[in-house]
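Just below is one structure, and these are the notes that go with it.
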Amino acid sequence: MRIEVSLSPALYPFRTLKDHHVTVAIDVLRATTAVCAAFQAGCRQVVPLNSLEALEPYRTMGYGIAAERGGKKLPGSDYGNSPTEYMACNMSGVRLAYSTTNGTVSILRAADADLTLVGAFANLDALSQRLREEGRDVVLLCSGWQNDFCLEDTLVAGALVERLSDCAVPHGDAAAMALALWRAASGDPAAYCRNATHVHRLQGFGADADIDFAFQQNTCPVVPVLKEGRLTL
């Protein structure tokens with residue numbers, strides 16, 4: 001196995017591992033953490049969508065509407081992208097139509113892979129085990145912020161590179177860098193990211209509980225899979 005890291009969605013088309021691979025979409029703060037939390041809370045299905053306009057038809061089909069832009073839940077939405085909100089709800093049987101600033105963009109961009117998974121600190125061990133079982137090349141797609149690099153997503157990628165080191169070889173400098181950053185974080189990604197741009201952005205919205213939750217490992221041992229445009233377990 002080889003494991004490559006794409007540091008933003010803008011770089012994903014230029015990855016070198018394109019045949020017979022698994023892509024993992026990562027958006028720690030907060031989209032993929034929230035997806036994992038929703039499934040952990042009993043959610044049945046999540047439909048990732050790029051545009052807000054695409055959400056409305058799902059409302060008439062009985063879907064909950066989850067929408068976020070710029071870190072804020074949009075008016076008229078049932079949910080935003082807060083993982084702690086989902087964990088506090090009974091999501092049993094709920095189907096979500098979901099659109100966020102960065103995370104859903106990455107999930108949909110990764111749809112051309114043989115298998116597309118969702119990852120975060122929240123499902124780190126379960127995801128590592130799934131990738132090990134798949135035995136295919138892996139691309140870790142960091143969502144970043146509006147196509148730019150972000151630290152927290154890269155740390156998840158580095159943690160996955162380390163966990164798969166017994167069966168996967170880092171492919172390219174981005175994977176080596178992600179691993180080095182993860183090791184520099186010394187197992188405390190929250191402290192390492194305390195000055196990260198998006199951490200400060202969310203703190204400005206009072207989302208401290210979400211930040212704390214997002215940096216905890218293995219709170220949601222689920223592995224969402226994208227099939228035919230829908231995330232399920």
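We name chains A, B, ... following the order of the structure tokens; residues begin at 1 in each chain, and ligands are numbered from 1 as shown.
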
Surrounding residues of region 33-47 of chain A excluding itself and chain neighbours under 5 positions, 8 Å, only C-alpha atoms, as a PyMOL selection string: chain A and resi 27-28+81-84+86-98+118-123+214+220-224+229-233

Atoms to include: N, CA, C and O atoms. Write the selected residues as a compact mmCIF listing (two decimals), in the first residue's frame.
# COMPACT_ATOMS: atom_id res chain seq x y z
N ASP A 27 -12.28 16.84 7.36
CA ASP A 27 -12.56 18.22 7.73
C ASP A 27 -12.86 18.24 9.23
O ASP A 27 -14.01 18.15 9.65
N VAL A 28 -11.80 18.33 10.02
CA VAL A 28 -11.92 18.19 11.47
C VAL A 28 -12.86 19.24 12.07
O VAL A 28 -13.69 18.95 12.92
N ASN A 81 -23.32 22.40 11.42
CA ASN A 81 -22.31 21.33 11.36
C ASN A 81 -21.61 21.18 12.70
O ASN A 81 -20.40 20.97 12.78
N SER A 82 -22.39 21.28 13.76
CA SER A 82 -21.87 21.15 15.12
C SER A 82 -21.92 19.70 15.58
O SER A 82 -23.01 19.13 15.74
N PRO A 83 -20.78 19.07 15.81
CA PRO A 83 -20.81 17.69 16.28
C PRO A 83 -21.46 17.53 17.64
O PRO A 83 -22.14 16.53 17.91
N THR A 84 -21.27 18.51 18.53
CA THR A 84 -21.89 18.40 19.85
C THR A 84 -23.41 18.52 19.77
O THR A 84 -24.13 17.92 20.57
N TYR A 86 -25.23 17.33 17.27
CA TYR A 86 -25.70 16.01 16.84
C TYR A 86 -25.63 15.00 17.97
O TYR A 86 -26.54 14.19 18.14
N MET A 87 -24.56 15.04 18.74
CA MET A 87 -24.41 14.07 19.82
C MET A 87 -25.47 14.26 20.91
O MET A 87 -25.80 13.33 21.63
N ALA A 88 -26.01 15.47 21.00
CA ALA A 88 -27.04 15.76 22.00
C ALA A 88 -28.44 15.43 21.51
O ALA A 88 -29.40 15.49 22.28
N CYS A 89 -28.57 15.09 20.23
CA CYS A 89 -29.88 14.81 19.63
C CYS A 89 -30.11 13.31 19.51
O CYS A 89 -29.16 12.53 19.43
N ASN A 90 -31.37 12.93 19.44
CA ASN A 90 -31.72 11.58 19.02
C ASN A 90 -31.86 11.60 17.51
O ASN A 90 -32.86 12.07 16.97
N MET A 91 -30.85 11.12 16.82
CA MET A 91 -30.84 11.15 15.36
C MET A 91 -31.31 9.83 14.75
O MET A 91 -31.15 9.61 13.55
N SER A 92 -31.89 8.97 15.54
CA SER A 92 -32.27 7.64 15.07
C SER A 92 -33.17 7.73 13.85
O SER A 92 -34.25 8.33 13.89
N GLY A 93 -32.72 7.15 12.74
CA GLY A 93 -33.50 7.09 11.53
C GLY A 93 -33.52 8.37 10.71
O GLY A 93 -34.11 8.40 9.62
N VAL A 94 -32.87 9.43 11.18
CA VAL A 94 -32.89 10.71 10.48
C VAL A 94 -32.05 10.64 9.21
O VAL A 94 -30.97 10.04 9.19
N ARG A 95 -32.55 11.26 8.15
CA ARG A 95 -31.78 11.45 6.93
C ARG A 95 -31.48 12.94 6.79
O ARG A 95 -32.36 13.77 6.95
N LEU A 96 -30.22 13.25 6.49
CA LEU A 96 -29.79 14.64 6.41
C LEU A 96 -29.38 15.00 4.98
O LEU A 96 -28.69 14.23 4.31
N ALA A 97 -29.79 16.18 4.54
CA ALA A 97 -29.20 16.83 3.37
C ALA A 97 -28.25 17.88 3.91
O ALA A 97 -28.65 18.75 4.70
N TYR A 98 -26.99 17.83 3.50
CA TYR A 98 -25.91 18.48 4.24
C TYR A 98 -25.02 19.28 3.30
O TYR A 98 -24.50 18.75 2.31
N VAL A 118 -15.11 8.92 5.09
CA VAL A 118 -15.06 10.17 5.84
C VAL A 118 -14.21 9.95 7.09
O VAL A 118 -14.39 8.95 7.80
N GLY A 119 -13.29 10.89 7.35
CA GLY A 119 -12.40 10.71 8.48
C GLY A 119 -12.24 11.95 9.34
O GLY A 119 -12.46 13.08 8.88
N ALA A 120 -11.85 11.73 10.59
CA ALA A 120 -11.61 12.79 11.56
C ALA A 120 -10.88 12.16 12.75
O ALA A 120 -10.67 10.94 12.78
N PHE A 121 -10.51 12.96 13.72
CA PHE A 121 -10.00 12.38 14.95
C PHE A 121 -11.06 11.49 15.60
O PHE A 121 -10.74 10.50 16.25
N ALA A 122 -12.31 11.84 15.41
CA ALA A 122 -13.42 11.14 16.06
C ALA A 122 -13.50 9.67 15.71
O ALA A 122 -14.00 8.86 16.50
N ASN A 123 -13.03 9.28 14.52
CA ASN A 123 -13.12 7.87 14.11
C ASN A 123 -11.77 7.30 13.71
O ASN A 123 -11.68 6.39 12.88
N ALA A 214 -13.87 17.99 18.68
CA ALA A 214 -13.25 17.61 17.41
C ALA A 214 -11.84 17.08 17.57
O ALA A 214 -11.38 16.28 16.75
N CYS A 220 -16.37 8.59 18.09
CA CYS A 220 -17.41 8.10 17.18
C CYS A 220 -16.82 6.98 16.31
O CYS A 220 -16.36 7.25 15.19
N PRO A 221 -16.79 5.75 16.81
CA PRO A 221 -16.13 4.66 16.07
C PRO A 221 -16.96 4.15 14.90
O PRO A 221 -17.37 2.98 14.86
N VAL A 222 -17.24 5.03 13.95
CA VAL A 222 -18.00 4.69 12.75
C VAL A 222 -17.19 5.09 11.53
O VAL A 222 -16.31 5.95 11.63
N VAL A 223 -17.48 4.47 10.39
CA VAL A 223 -16.78 4.82 9.15
C VAL A 223 -17.81 5.08 8.06
O VAL A 223 -18.26 4.16 7.37
N PRO A 224 -18.23 6.33 7.89
CA PRO A 224 -19.18 6.66 6.82
C PRO A 224 -18.58 6.42 5.44
O PRO A 224 -17.42 6.76 5.18
N GLY A 229 -23.72 8.94 -4.10
CA GLY A 229 -24.01 10.29 -3.64
C GLY A 229 -24.53 10.39 -2.23
O GLY A 229 -24.91 11.48 -1.78
N ARG A 230 -24.54 9.28 -1.50
CA ARG A 230 -25.08 9.27 -0.13
C ARG A 230 -24.09 8.62 0.82
O ARG A 230 -23.51 7.59 0.50
N LEU A 231 -23.94 9.23 1.98
CA LEU A 231 -23.11 8.64 3.04
C LEU A 231 -23.97 7.75 3.91
O LEU A 231 -25.05 8.16 4.39
N THR A 232 -23.50 6.54 4.11
CA THR A 232 -24.16 5.59 5.00
C THR A 232 -23.09 4.83 5.77
O THR A 232 -21.89 5.00 5.53
N LEU A 233 -23.53 3.97 6.65
CA LEU A 233 -22.59 3.07 7.32
C LEU A 233 -22.61 1.71 6.65
O LEU A 233 -22.13 0.75 7.18

Spatial neighbours of Val169 (chain A), 12 Å, only C-alpha atoms, chain gap at least 6 places, as an MDAnalysis selection string: chainID A and resid 1:5 135:139 160:163 175:176 179

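The smallest atom-to-atom distance between Asp148 (chain A) and any of A:Ala10, A:Leu124, A:Leu202, A:Pro189, using only C-alpha atoms, is found for A:Ala10.
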
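DSSP on the backbone gives strand (DSSP E or B) for these parts of region 80-171 of chain A: Arg95, Leu96, Ala97, Tyr98, Ser99, Leu115, Thr116, Leu117, Val118, Gly119, Asp137, Val138, Val139, Leu140, Leu141, Cys142, Trp145, Asp148, Val169 and Pro170 of chain A.
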
Atoms to include: N, CA, C and O atoms. Write the selected residues as a compact mmCIF listing (two decimals), in the first residue's frame.
# COMPACT_ATOMS: atom_id res chain seq x y z
N ARG A 95 -32.55 11.26 8.15
CA ARG A 95 -31.78 11.45 6.93
C ARG A 95 -31.48 12.94 6.79
O ARG A 95 -32.36 13.77 6.95
N LEU A 96 -30.22 13.25 6.49
CA LEU A 96 -29.79 14.64 6.41
C LEU A 96 -29.38 15.00 4.98
O LEU A 96 -28.69 14.23 4.31
N ALA A 97 -29.79 16.18 4.54
CA ALA A 97 -29.20 16.83 3.37
C ALA A 97 -28.25 17.88 3.91
O ALA A 97 -28.65 18.75 4.70
N TYR A 98 -26.99 17.83 3.50
CA TYR A 98 -25.91 18.48 4.24
C TYR A 98 -25.02 19.28 3.30
O TYR A 98 -24.50 18.75 2.31
N SER A 99 -24.83 20.56 3.60
CA SER A 99 -23.95 21.39 2.78
C SER A 99 -23.13 22.30 3.69
O SER A 99 -23.68 23.00 4.54
N LEU A 115 -13.33 3.89 -3.55
CA LEU A 115 -14.05 3.91 -2.28
C LEU A 115 -13.78 5.25 -1.63
O LEU A 115 -12.63 5.70 -1.55
N THR A 116 -14.84 5.91 -1.17
CA THR A 116 -14.72 7.22 -0.53
C THR A 116 -15.22 7.13 0.91
O THR A 116 -16.37 6.73 1.14
N LEU A 117 -14.35 7.49 1.85
CA LEU A 117 -14.67 7.41 3.26
C LEU A 117 -14.55 8.79 3.90
O LEU A 117 -13.95 9.70 3.32
N VAL A 118 -15.11 8.92 5.09
CA VAL A 118 -15.06 10.17 5.84
C VAL A 118 -14.21 9.95 7.09
O VAL A 118 -14.39 8.95 7.80
N GLY A 119 -13.29 10.89 7.35
CA GLY A 119 -12.40 10.71 8.48
C GLY A 119 -12.24 11.95 9.34
O GLY A 119 -12.46 13.08 8.88
N ASP A 137 -4.21 1.42 -2.14
CA ASP A 137 -3.59 2.72 -1.98
C ASP A 137 -4.60 3.69 -1.38
O ASP A 137 -5.82 3.58 -1.61
N VAL A 138 -4.09 4.66 -0.62
CA VAL A 138 -4.94 5.60 0.11
C VAL A 138 -4.53 7.03 -0.22
O VAL A 138 -3.34 7.36 -0.23
N VAL A 139 -5.53 7.86 -0.49
CA VAL A 139 -5.31 9.31 -0.60
C VAL A 139 -6.09 9.98 0.52
O VAL A 139 -7.29 9.76 0.67
N LEU A 140 -5.40 10.79 1.31
CA LEU A 140 -6.02 11.52 2.40
C LEU A 140 -6.24 12.96 1.94
O LEU A 140 -5.27 13.70 1.71
N LEU A 141 -7.50 13.33 1.77
CA LEU A 141 -7.85 14.63 1.22
C LEU A 141 -8.22 15.59 2.35
O LEU A 141 -9.28 15.45 2.98
N CYS A 142 -7.36 16.55 2.61
CA CYS A 142 -7.60 17.56 3.64
C CYS A 142 -8.47 18.67 3.07
O CYS A 142 -8.13 19.25 2.03
N TRP A 145 -9.33 25.28 4.27
CA TRP A 145 -10.30 26.37 4.32
C TRP A 145 -10.30 27.07 2.97
O TRP A 145 -9.33 27.69 2.57
N ASP A 148 -7.36 26.38 0.81
CA ASP A 148 -6.05 26.65 1.40
C ASP A 148 -5.72 25.58 2.44
O ASP A 148 -6.60 24.90 2.95
N VAL A 169 3.24 2.68 2.80
CA VAL A 169 4.43 3.50 2.64
C VAL A 169 4.01 4.93 2.29
O VAL A 169 3.23 5.13 1.35
N PRO A 170 4.51 5.95 3.02
CA PRO A 170 4.19 7.34 2.66
C PRO A 170 4.65 7.63 1.23
O PRO A 170 5.76 7.27 0.83

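With CA of Ala54 (chain A) on one side and CA of Ser106 (chain A) on the other, the separation reads 16.6 Å.
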
DSSP-assigned alpha helix (DSSP H) among region 8-231 of chain A, expressed as number ranges by chain: A: 31-40, 56-59, 83-87, 103-109, 124-134, 151-163, 173-184, 189-192, 197-204, 208-214

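Proximity to Val199 (chain A) was assessed for A:Arg130, A:Lys73, A:Arg30, A:Arg183 counting only C-alpha atoms; the smallest distance is recorded for A:Arg30.
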
Residues within 12 Å of Gly204 (chain A), only C-alpha atoms, excluding chain neighbours under 4 positions, as an NGL selection string: :A and (70-72 or 197-200 or 208 or 211)
